[in-house]
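Peer 1: Dropping in protein-v2.csv, which is CSV, C-alpha atoms (C1' of nucleotides):
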chain,number,residue,atom,x,y,z
A,1,MET,CA,22.8,38.8,102.1
A,2,ALA,CA,23.1,37.1,98.7
A,3,LYS,CA,24.2,33.5,98.6
A,4,ALA,CA,27.6,34.0,97.0
A,5,PRO,CA,28.4,37.7,96.9
A,6,ASN,CA,31.6,38.3,95.1
A,7,GLU,CA,34.6,39.0,97.2
A,8,GLU,CA,35.0,42.7,96.5
A,9,GLN,CA,31.4,43.2,97.6
A,10,LEU,CA,32.1,41.4,100.8
A,11,ALA,CA,35.2,43.5,101.4
A,12,THR,CA,33.3,46.7,100.8
A,13,GLU,CA,30.5,45.6,103.1
A,14,TRP,CA,33.0,44.8,105.8
A,15,HIS,CA,34.7,48.2,105.4
A,16,GLU,CA,31.3,50.0,105.7
A,17,LEU,CA,30.2,47.8,108.6
A,18,MET,CA,33.4,48.7,110.4
A,19,GLY,CA,32.8,52.3,109.9
A,20,ARG,CA,29.2,52.2,111.1
A,21,PHE,CA,30.2,50.0,114.0
A,22,ARG,CA,33.0,52.3,115.2
A,23,ARG,CA,31.0,55.4,114.9
A,24,LEU,CA,28.1,53.8,116.9
A,25,LEU,CA,30.4,52.5,119.5
A,26,CYS,CA,32.1,55.8,119.8
A,27,SER,CA,28.8,57.6,120.2
A,28,LEU,CA,27.7,55.2,122.8
A,29,ASP,CA,30.9,55.5,124.7
A,30,ARG,CA,30.8,59.3,124.6
A,31,GLU,CA,27.1,59.7,125.5
A,32,LEU,CA,27.2,57.1,128.3
A,33,GLU,CA,30.4,58.4,129.6
A,34,SER,CA,29.4,62.1,129.7
A,35,LYS,CA,25.9,61.6,130.9
A,36,HIS,CA,26.3,58.6,133.2
A,37,GLY,CA,30.0,58.0,133.8
A,38,ILE,CA,30.0,54.5,132.3
A,39,SER,CA,31.4,53.0,129.1
A,40,ALA,CA,29.5,51.0,126.6
A,41,SER,CA,31.1,47.8,127.9
A,42,ASP,CA,30.1,48.8,131.5
A,43,PHE,CA,26.6,49.2,130.2
A,44,GLU,CA,26.6,45.8,128.5
A,45,VAL,CA,27.7,44.1,131.7
A,46,LEU,CA,25.2,46.0,133.9
A,47,GLN,CA,22.5,45.1,131.5
A,48,LEU,CA,23.3,41.4,131.6
A,49,LEU,CA,23.3,41.5,135.3
A,50,ALA,CA,20.1,43.6,135.6
A,51,GLU,CA,18.3,41.1,133.4
A,52,ALA,CA,19.7,38.0,135.1
A,53,PRO,CA,17.2,36.1,137.3
A,54,LYS,CA,18.6,37.5,140.6
A,55,GLY,CA,20.9,40.1,139.3
A,56,LYS,CA,23.5,37.5,139.8
A,57,LEU,CA,25.8,35.6,137.4
A,58,ARG,CA,29.1,33.8,137.7
A,59,LEU,CA,31.8,35.6,135.9
A,60,HIS,CA,32.1,32.7,133.5
A,61,GLU,CA,28.4,33.0,132.6
A,62,LEU,CA,28.8,36.7,132.1
A,63,GLY,CA,31.7,36.0,129.8
A,64,GLU,CA,29.6,33.8,127.6
A,65,HIS,CA,27.3,36.7,126.9
A,66,ALA,CA,29.4,39.7,127.1
A,67,HIS,CA,31.7,40.2,124.1
A,68,LEU,CA,34.9,40.4,126.0
A,69,THR,CA,37.8,38.2,126.8
A,70,GLN,CA,38.0,36.6,130.2
A,71,SER,CA,40.7,38.9,131.3
A,72,ALA,CA,38.9,42.1,130.1
A,73,LEU,CA,35.8,40.9,131.9
A,74,SER,CA,37.7,40.2,135.1
A,75,ARG,CA,39.1,43.8,135.1
A,76,LEU,CA,35.8,45.3,134.0
A,77,VAL,CA,33.9,43.7,136.9
A,78,ALA,CA,36.7,44.8,139.3
A,79,LYS,CA,36.2,48.3,138.1
A,80,LEU,CA,32.5,48.2,138.4
A,81,GLU,CA,32.9,46.8,141.9
A,82,SER,CA,35.2,49.6,142.9
A,83,GLY,CA,32.5,52.0,141.5
A,84,GLY,CA,29.9,50.4,143.8
A,85,MET,CA,27.8,49.1,141.0
A,86,VAL,CA,28.6,45.5,141.3
A,87,GLU,CA,29.6,43.2,144.1
A,88,ARG,CA,31.7,40.0,143.9
A,89,PHE,CA,31.6,37.1,146.2
A,90,MET,CA,32.7,33.5,146.3
A,91,CYS,CA,30.4,30.8,145.0
A,92,ASP,CA,30.1,28.1,147.7
A,93,ASP,CA,29.3,25.3,145.3
A,94,ASP,CA,32.4,25.7,143.3
A,95,ARG,CA,35.0,27.8,145.1
A,96,ARG,CA,36.9,28.6,142.0
A,97,SER,CA,33.9,30.6,140.7
A,98,VAL,CA,32.9,34.1,141.6
A,99,PHE,CA,29.4,35.6,141.5
A,100,ALA,CA,28.9,39.1,140.3
A,101,THR,CA,25.7,40.8,141.6
A,102,ILE,CA,24.4,44.1,140.6
A,103,THR,CA,23.9,46.5,143.5
A,104,ALA,CA,21.0,48.9,144.0
A,105,ALA,CA,23.3,51.7,142.9
A,106,GLY,CA,24.3,49.7,139.8
A,107,ARG,CA,20.7,49.0,138.9
A,108,LYS,CA,19.8,52.6,139.3
A,109,ARG,CA,22.6,53.7,137.0
A,110,TYR,CA,21.6,51.1,134.5
A,111,VAL,CA,18.0,52.3,134.5
A,112,GLN,CA,19.1,55.9,134.1
A,113,ALA,CA,21.6,55.1,131.3
A,114,ARG,CA,19.2,52.9,129.4
A,115,PRO,CA,17.2,55.6,127.6
A,116,THR,CA,20.5,57.2,126.6
A,117,GLN,CA,21.8,54.0,125.1
A,118,ARG,CA,18.5,53.3,123.3
A,119,ALA,CA,18.4,56.8,121.9
A,120,VAL,CA,21.8,56.4,120.4
A,121,LEU,CA,20.8,53.1,118.8
A,122,ARG,CA,17.7,54.6,117.5
A,123,ALA,CA,19.5,57.6,116.0
A,124,GLU,CA,21.9,55.3,114.2
A,125,ALA,CA,19.2,53.0,112.9
A,126,GLN,CA,17.4,55.9,111.4
A,127,SER,CA,20.5,57.4,109.8
A,128,VAL,CA,21.0,54.2,107.8
B,1,MET,CA,15.4,47.1,108.8
B,2,ALA,CA,11.8,47.8,109.9
B,3,LYS,CA,10.8,51.5,110.0
B,4,ALA,CA,10.2,51.7,113.8
B,5,PRO,CA,11.5,48.5,115.5
B,6,ASN,CA,10.9,48.6,119.1
B,7,GLU,CA,13.7,49.5,121.4
B,8,GLU,CA,14.3,46.1,122.8
B,9,GLN,CA,14.7,44.7,119.3
B,10,LEU,CA,17.2,47.4,118.5
B,11,ALA,CA,19.2,46.7,121.7
B,12,THR,CA,19.2,43.0,120.9
B,13,GLU,CA,20.3,43.6,117.3
B,14,TRP,CA,23.1,45.8,118.6
B,15,HIS,CA,24.2,43.2,121.1
B,16,GLU,CA,24.3,40.6,118.4
B,17,LEU,CA,26.0,42.8,115.9
B,18,MET,CA,28.7,43.6,118.5
B,19,GLY,CA,29.3,39.9,118.9
B,20,ARG,CA,29.6,39.2,115.3
B,21,PHE,CA,31.8,42.2,114.7
B,22,ARG,CA,34.2,41.4,117.5
B,23,ARG,CA,34.5,37.8,116.5
B,24,LEU,CA,35.2,38.7,112.9
B,25,LEU,CA,37.7,41.4,113.8
B,26,CYS,CA,39.5,39.0,116.1
B,27,SER,CA,39.6,36.3,113.4
B,28,LEU,CA,41.0,38.8,111.0
B,29,ASP,CA,43.6,40.0,113.4
B,30,ARG,CA,44.7,36.5,114.3
B,31,GLU,CA,44.8,35.2,110.7
B,32,LEU,CA,46.5,38.2,109.3
B,33,GLU,CA,48.9,38.4,112.2
B,34,SER,CA,49.9,34.8,112.1
B,35,LYS,CA,50.1,34.4,108.4
B,36,HIS,CA,51.4,37.8,107.3
B,37,GLY,CA,52.5,39.7,110.3
B,38,ILE,CA,50.0,42.5,110.0
B,39,SER,CA,47.0,43.6,111.9
B,40,ALA,CA,43.5,44.2,110.4
B,41,SER,CA,44.1,47.9,110.7
B,42,ASP,CA,47.4,47.6,108.9
B,43,PHE,CA,45.6,45.7,106.1
B,44,GLU,CA,42.9,48.4,105.8
B,45,VAL,CA,45.5,51.1,105.4
B,46,LEU,CA,47.6,49.0,102.9
B,47,GLN,CA,44.5,48.4,101.0
B,48,LEU,CA,43.5,52.0,100.8
B,49,LEU,CA,47.0,52.9,99.6
B,50,ALA,CA,47.2,50.0,97.1
B,51,GLU,CA,43.9,51.1,95.6
B,52,ALA,CA,44.8,54.8,95.5
B,53,PRO,CA,45.7,56.2,92.1
B,54,LYS,CA,49.5,56.2,92.6
B,55,GLY,CA,49.6,54.2,95.8
B,56,LYS,CA,49.8,57.7,97.3
B,57,LEU,CA,47.6,59.6,99.7
B,58,ARG,CA,48.0,62.4,102.2
B,59,LEU,CA,47.6,61.2,105.7
B,60,HIS,CA,44.5,63.4,106.0
B,61,GLU,CA,42.9,61.7,103.0
B,62,LEU,CA,43.8,58.3,104.5
B,63,GLY,CA,42.1,59.3,107.7
B,64,GLU,CA,38.9,60.1,105.9
B,65,HIS,CA,38.6,56.5,104.7
B,66,ALA,CA,40.3,54.5,107.4
B,67,HIS,CA,38.2,54.1,110.5
B,68,LEU,CA,40.8,55.4,112.9
B,69,THR,CA,41.4,58.6,114.7
B,70,GLN,CA,44.1,61.0,113.4
B,71,SER,CA,46.5,60.0,116.2
B,72,ALA,CA,46.0,56.3,115.7
B,73,LEU,CA,46.5,56.7,112.0
B,74,SER,CA,49.7,58.7,112.5
B,75,ARG,CA,51.2,56.0,114.7
B,76,LEU,CA,50.0,53.2,112.4
B,77,VAL,CA,51.6,54.8,109.4
B,78,ALA,CA,54.8,55.3,111.4
B,79,LYS,CA,54.7,51.6,112.3
B,80,LEU,CA,54.1,50.6,108.7
B,81,GLU,CA,57.0,52.8,107.6
B,82,SER,CA,59.4,51.2,110.1
B,83,GLY,CA,58.3,47.9,108.7
B,84,GLY,CA,59.2,49.0,105.2
B,85,MET,CA,55.7,48.8,103.8
B,86,VAL,CA,55.0,52.5,103.5
B,87,GLU,CA,57.1,55.6,103.0
B,88,ARG,CA,56.3,59.1,104.1
B,89,PHE,CA,57.4,62.3,102.6
B,90,MET,CA,56.6,65.9,102.6
B,91,CYS,CA,54.0,67.4,100.2
B,92,ASP,CA,55.5,70.4,98.4
B,93,ASP,CA,52.2,72.0,97.7
B,94,ASP,CA,51.3,72.2,101.4
B,95,ARG,CA,54.2,71.6,103.6
B,96,ARG,CA,52.0,70.7,106.6
B,97,SER,CA,50.8,67.6,104.7
B,98,VAL,CA,52.6,64.3,104.5
B,99,PHE,CA,52.2,61.8,101.7
B,100,ALA,CA,52.1,58.1,102.5
B,101,THR,CA,53.0,55.8,99.7
B,102,ILE,CA,53.0,52.1,99.6
B,103,THR,CA,56.3,50.4,98.8
B,104,ALA,CA,56.9,47.4,96.6
B,105,ALA,CA,57.3,45.3,99.7
B,106,GLY,CA,54.0,46.8,101.1
B,107,ARG,CA,52.1,46.0,98.0
B,108,LYS,CA,53.5,42.5,97.9
B,109,ARG,CA,52.4,42.0,101.5
B,110,TYR,CA,49.0,43.3,100.7
B,111,VAL,CA,48.6,41.0,97.7
B,112,GLN,CA,49.6,38.0,99.8
B,113,ALA,CA,47.4,38.9,102.7
B,114,ARG,CA,44.3,39.7,100.6
B,115,PRO,CA,43.2,36.1,100.0
B,116,THR,CA,43.5,35.5,103.8
B,117,GLN,CA,41.3,38.5,104.5
B,118,ARG,CA,38.7,37.6,101.9
B,119,ALA,CA,38.6,34.0,103.2
B,120,VAL,CA,37.8,35.2,106.7
B,121,LEU,CA,35.1,37.5,105.4
B,122,ARG,CA,33.6,34.7,103.3
B,123,ALA,CA,33.6,32.3,106.2
B,124,GLU,CA,31.9,34.7,108.5
B,125,ALA,CA,29.3,35.6,105.8
B,126,GLN,CA,28.5,32.0,105.3
B,127,SER,CA,28.1,31.3,109.0
B,128,VAL,CA,25.3,33.9,109.4
C,1,DC,C1',43.8,8.5,147.7
C,2,DA,C1',47.8,10.8,145.3
C,3,DA,C1',49.1,12.7,141.0
C,4,DA,C1',47.7,14.6,136.7
C,5,DA,C1',44.5,17.1,134.0
C,6,DG,C1',41.1,20.5,133.8
C,7,DT,C1',38.5,24.8,135.1
C,8,DA,C1',37.5,29.7,137.0
C,9,DT,C1',39.5,33.8,137.9
C,10,DA,C1',43.4,37.2,138.5
C,11,DT,C1',47.4,39.5,136.8
C,12,DG,C1',52.0,40.9,134.4
C,13,DC,C1',53.0,42.8,130.2
C,14,DG,C1',52.8,44.6,125.6
C,15,DT,C1',50.1,47.1,122.2
C,16,DA,C1',46.4,49.9,120.1
C,17,DT,C1',43.5,53.4,120.7
C,18,DA,C1',41.3,58.0,122.1
C,19,DC,C1',41.8,62.6,124.0
C,20,DA,C1',44.3,66.6,124.7
C,21,DT,C1',47.9,69.3,123.4
C,22,DC,C1',52.0,70.8,120.8
C,23,DT,C1',54.5,72.4,116.5
C,24,DA,C1',54.7,74.0,112.1
C,25,DA,C1',52.6,75.7,108.1
C,26,DT,C1',48.9,78.1,105.8
C,27,DG,C1',44.8,81.4,105.4
C,28,DT,C1',42.4,85.4,106.8
C,29,DT,C1',41.6,90.1,108.1
C,30,DG,C1',42.2,94.6,109.9
D,1,DC,C1',52.0,92.8,106.5
D,2,DA,C1',51.3,91.7,111.4
D,3,DA,C1',48.1,89.3,114.4
D,4,DC,C1',44.9,85.8,114.8
D,5,DA,C1',42.5,81.6,113.3
D,6,DT,C1',42.8,77.3,111.1
D,7,DT,C1',44.8,73.0,109.5
D,8,DA,C1',48.0,68.8,109.1
D,9,DG,C1',50.4,65.9,111.6
D,10,DA,C1',53.1,64.3,115.9
D,11,DT,C1',53.3,63.1,120.6
D,12,DG,C1',52.4,62.8,125.9
D,13,DT,C1',49.3,60.4,128.7
D,14,DA,C1',45.7,57.4,130.2
D,15,DT,C1',43.0,53.4,129.4
D,16,DA,C1',41.3,49.1,127.6
D,17,DC,C1',42.2,45.1,125.6
D,18,DG,C1',44.4,40.4,124.4
D,19,DC,C1',47.8,36.9,125.3
D,20,DA,C1',50.3,34.3,128.3
D,21,DT,C1',50.8,32.8,132.7
D,22,DA,C1',49.9,32.3,137.8
D,23,DT,C1',46.9,30.7,141.5
D,24,DA,C1',43.4,28.2,143.6
D,25,DC,C1',40.2,24.8,143.3
D,26,DT,C1',37.9,20.5,141.3
D,27,DT,C1',37.6,16.3,138.6
D,28,DT,C1',39.6,12.4,136.7
D,29,DT,C1',42.7,8.5,136.7
D,30,DG,C1',45.8,5.0,137.8
Take the structure in this file and express it as structure tokens.
Peer 2:
Amino acid sequence: MAKAPNEEQLATEWHELMGRFRRLLCSLDRELESKHGISASDFEVLQLLAEAPKGKLRLHELGEHAHLTQSALSRLVAKLESGGMVERFMCDDDRRSVFATITAAGRKRYVQARPTQRAVLRAEAQSV
Amino acid sequence: MAKAPNEEQLATEWHELMGRFRRLLCSLDRELESKHGISASDFEVLQLLAEAPKGKLRLHELGEHAHLTQSALSRLVAKLESGGMVERFMCDDDRRSVFATITAAGRKRYVQARPTQRAVLRAEAQSV
DNA sequence: CAAAAGTATATGCGTATACATCTAATGTTG
DNA sequence: CAACATTAGATGTATACGCATATACTTTTG
């Protein structure tokens, strides 16, 4: 990006970025939902957990990497738990904290959904 | 962007883009809401109308440029109308269509909000 | 060590959005 | 021109999110 693009240019870029972003997010949501029964946000969280050392992160750590507010993350993890893809349990070191761990079923779902997600990203990247 | 970036790279870029996008959209919403009482989406629609030839567009035309679904746009325009920033009236050529026009108050609000929006965009552009 | 401040998560509530469907108006076709 | 298809917009419904706050636990402080 240029050093000091004029403001109209910035505004136009933002408008276009917003368009691309929303289209891509919509595609992701639709493809992941229809083929794997998960949303794009679900996928992000599953991915973070699947890539974590032991498939295990405190919610607070998850929140630092997922692009969600604390409340949204709390509910999302609760939803994933009720879907059997994640489990929550107390952290003994600090009993305010809660660990989220990815289950075998969750990992399987993630592995299946991954090519779908990558394909959508690739398609969008090529269309630009 | 490279011709055939590998998939992990794409996924990482997407993750980062999502982060930047959400932060920016949140900043915009908060700044515009606190200083001018409008959301980022409100601003987008006001901008489209303010820049339209006669400050006048059919909802369907608005929808082609705003990054919103038809239903979201319909409600958004209704909200702007109840806030006195926009007016709706029938189109005589095609009585299914509805024109949205920006009012003097709406244009004033847009002009006031514009520097705020541009400042947020500029701040984000510089932080990258 | 008791009280106050801080931290991690959950939840009540309001709002924005998407999807599906409805209504009204227009176009098309036999 | 009557029946059907299409189009523009509105609305019922469900969901996801953010903000504010509540709850439970931990750390700091006097």
Peer 1: Hey, list the chain A side of the contact with chain D: 10 Å cut-off, all atoms listed in the file, answer as a list in words.
Peer 2: Leu68, Thr69, Gln70, Ser71, Ala72, Leu73, Arg75, Leu76, Asp94, Arg95, Arg96 and Ser97 of chain A
Peer 1: Do me a favour and pick out the residues of chain B within 10 Å of chain A, using only C-alpha atoms, as number ranges by chain.
Peer 2: B: 1-8, 10-11, 13-25, 44, 65-68, 114-115, 117-119, 121-122, 125-126, 128
Peer 1: One number please: CA of Asp29 (chain B) to CA of Phe43 (chain B), in Å, one decimal.
Peer 2: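 Value for the CA of Asp29 (chain B)-CA of Phe43 (chain B) distance: 9.5 Å.
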Peer 1: How many Å lie between CA of Val86 (chain A) and C1' of DC19 (chain C), rounded to one decimal?
Peer 2: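 Taking CA of Val86 (chain A) and C1' of DC19 (chain C), their separation equals 27.7 Å.
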Peer 1: Should the cut-off be 9 Å, what would the residue list for chain C against chain A look like, counting all atoms listed in the file, as a list in words?
Peer 2: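 Result: DT7, DA8, DT9, DA10 and DT11 of chain C.
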Peer 1: Do you know which residues lie at most 10 Å from (24.1, 38.0, 143.6), with coordinates as in the file and all atoms listed in the file counted, and could you write them as a list in words?
Peer 2: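 Residues close enough to count: Leu49, Ala52, Pro53, Lys54, Gly55, Lys56, Leu57, Arg58, Val86, Glu87, Arg88, Phe89, Cys91, Val98, Phe99, Ala100, Thr101, Ile102 and Thr103 of chain A.
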Peer 1: Report the distance between CA of Glu33 (chain A) and CA of Glu64 (chain B) in Å, rounded to one decimal place.
Peer 2: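 Distance reported for this atom pair: 25.2 Å.
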Peer 1: With distances taken over all atoms listed in the file, which residue among A:Ser127, A:Ser39, A:Gln47, A:Ser82 lies nearest Tyr110 (chain A)?
Peer 2: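 Smallest distance to Tyr110 (chain A) is found for A:Gln47.
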Peer 1: Could you check the closest approach to Leu48 (chain A) for each of B:Ala78, B:Glu124, B:Thr12, B:Leu28 and tell me which residue wins, using all atoms listed in the file?
Peer 2: B:Thr12
